[in-house]
Amino acid sequence: MRRLIRGTRLVLATHNKGKLQEIAALLAPHEVAVVSAGALGLDEPEEDAPDFTGNARIKALAATEASGLIALADDSGFCVAGLGGAPGVHSARWAGPTKDFVGAMARVEGELADDADRRAWFAAALCLAWPDGETATFFGRVEGSMVWPPRGKRGFGYDPVFLPAGGRLTFGEMAPEAKEAISHRARAFAQLRAACLT
Ligand code: ITT
């Protein structure tokens, strides 16, 4: 597979600050220069694929086309077994235009019946896209459960209601390095690193 050489300038095709921080930290040891889609004023394409991998591809291809740079996109979400995997690819949409994740977490809890299956997972697809249209996608997930009420003020999105399997702290309570050691995004990135980074 095509590799990214040290010194490459990469556009991170996300407008989500939490993701941006995590992906920048993952890339930091690899001497890849990053610029965000927001800093370049890139539009957000419509994410109308049925799965994470498809949406990550849409975002990465749109960003490489608009910028002429190699692009890296992330499409991810919070999935609850008792809701058939929802909110899933609609995780951002459940927070609405004001990005109200307190409301989105409350909606997940509200839709779960008392005896519902509270097993949950985060999933992430990362897609690299080159200006000539070649793409490479990588996928990761982390298993756990949905807790209520939310715990912790770290991280972003649904982190305060996700307790990873075998852990005591929610993603919202964990230090960033502890989340990075097990997260869906870091697991997808580990594959990207092995395939494409030096
Ligand atoms: P971009 O499309 O610009 O990257 P977005 O926030 O719209 O930003 P997604 O469409 O991939 O991104 O939506 C994923 C949502 O899933 C995101 O808004 C978070 O709420 C949630 N999510 C994904 N990874 C998460 C994580 O590590 N911790 C908490 N929530 C996460």
# chains A, B, ... in the order shown; residues from 1 in each chain; ligands from 1
$ residues_near_ligand --ligand "ligand 1" --cutoff "6 Å" --atoms "only C-alpha atoms and all ligand atoms" --output "NGL selection string"
:A and (14-16 or 74-78 or 91-92 or 156-159)
$ closest_atom_pairs --of "region 17-49 of chain A" --to "region 55-63 of chain A" --cutoff "8 Å" --atoms "only C-alpha atoms" --output "Markdown table"
| residue | atom | partner | partner_atom | distance |
| --- | --- | --- | --- | --- |
| A:Ala37 | CA | A:Ala63 | CA | 7.2 |
| A:Leu42 | CA | A:Ala63 | CA | 7.0 |
| A:Glu44 | CA | A:Lys59 | CA | 7.5 |
| A:Pro45 | CA | A:Lys59 | CA | 6.3 |
| A:Glu47 | CA | A:Asn55 | CA | 5.3 |
| A:Asp48 | CA | A:Asn55 | CA | 6.8 |
| A:Ala49 | CA | A:Asn55 | CA | 5.3 |
$ write_last_selection --atoms "N, CA and C atoms" --output "short mmCIF file (atom, residue, chain, number, x, y, z; two decimals), in the first residue's frame"
data_model
loop_
_atom_site.label_atom_id
_atom_site.label_comp_id
_atom_site.auth_asym_id
_atom_site.auth_seq_id
_atom_site.Cartn_x
_atom_site.Cartn_y
_atom_site.Cartn_z
N ALA A 37 -9.26 21.09 8.10
CA ALA A 37 -10.21 21.48 7.07
C ALA A 37 -10.79 22.86 7.40
N LEU A 42 -12.58 24.61 4.22
CA LEU A 42 -13.24 23.60 3.38
C LEU A 42 -14.68 23.36 3.84
N GLU A 44 -18.19 21.18 4.49
CA GLU A 44 -18.47 19.83 4.98
C GLU A 44 -19.37 19.15 3.96
N PRO A 45 -18.92 18.04 3.35
CA PRO A 45 -19.77 17.36 2.37
C PRO A 45 -20.94 16.65 3.07
N GLU A 47 -22.84 13.62 4.33
CA GLU A 47 -22.39 12.27 4.70
C GLU A 47 -23.58 11.33 4.55
N ASP A 48 -23.80 10.83 3.31
CA ASP A 48 -25.02 10.06 3.09
C ASP A 48 -24.77 8.57 2.85
N ALA A 49 -23.57 8.08 3.20
CA ALA A 49 -23.31 6.64 3.08
C ALA A 49 -23.96 5.93 4.27
#
$ select_by_dssp --residues "chain A" --states "helix (DSSP H, G or I)" --output "VMD selection string"
chain A and resid 17 to 30 52 to 67 81 to 83 88 to 90 93 to 95 101 to 111 159 to 161 176 to 182 184 to 196
$ closest_residue --among "A:Ile5, A:Ala186, A:Leu12, A:Ala116" --to "Met146 (chain A)" --atoms "only C-alpha atoms"
A:Ala116
$ closest_residue --among "A:Ala194, A:Met1, A:Leu126, A:Leu20" --to "Val34 (chain A)" --atoms "only C-alpha atoms"
A:Leu20
$ closest_residue --among "A:Arg2, A:Met105, A:Gly18, A:Leu72" --to "Val35 (chain A)" --atoms "only C-alpha atoms"
A:Leu72
$ residues_around --residues "Glu31 (chain A)" --least-positions-apart "3" --cutoff "9 Å" --atoms "only C-alpha atoms" --output "PyMOL selection string"
chain A and resi 5-8+27-28
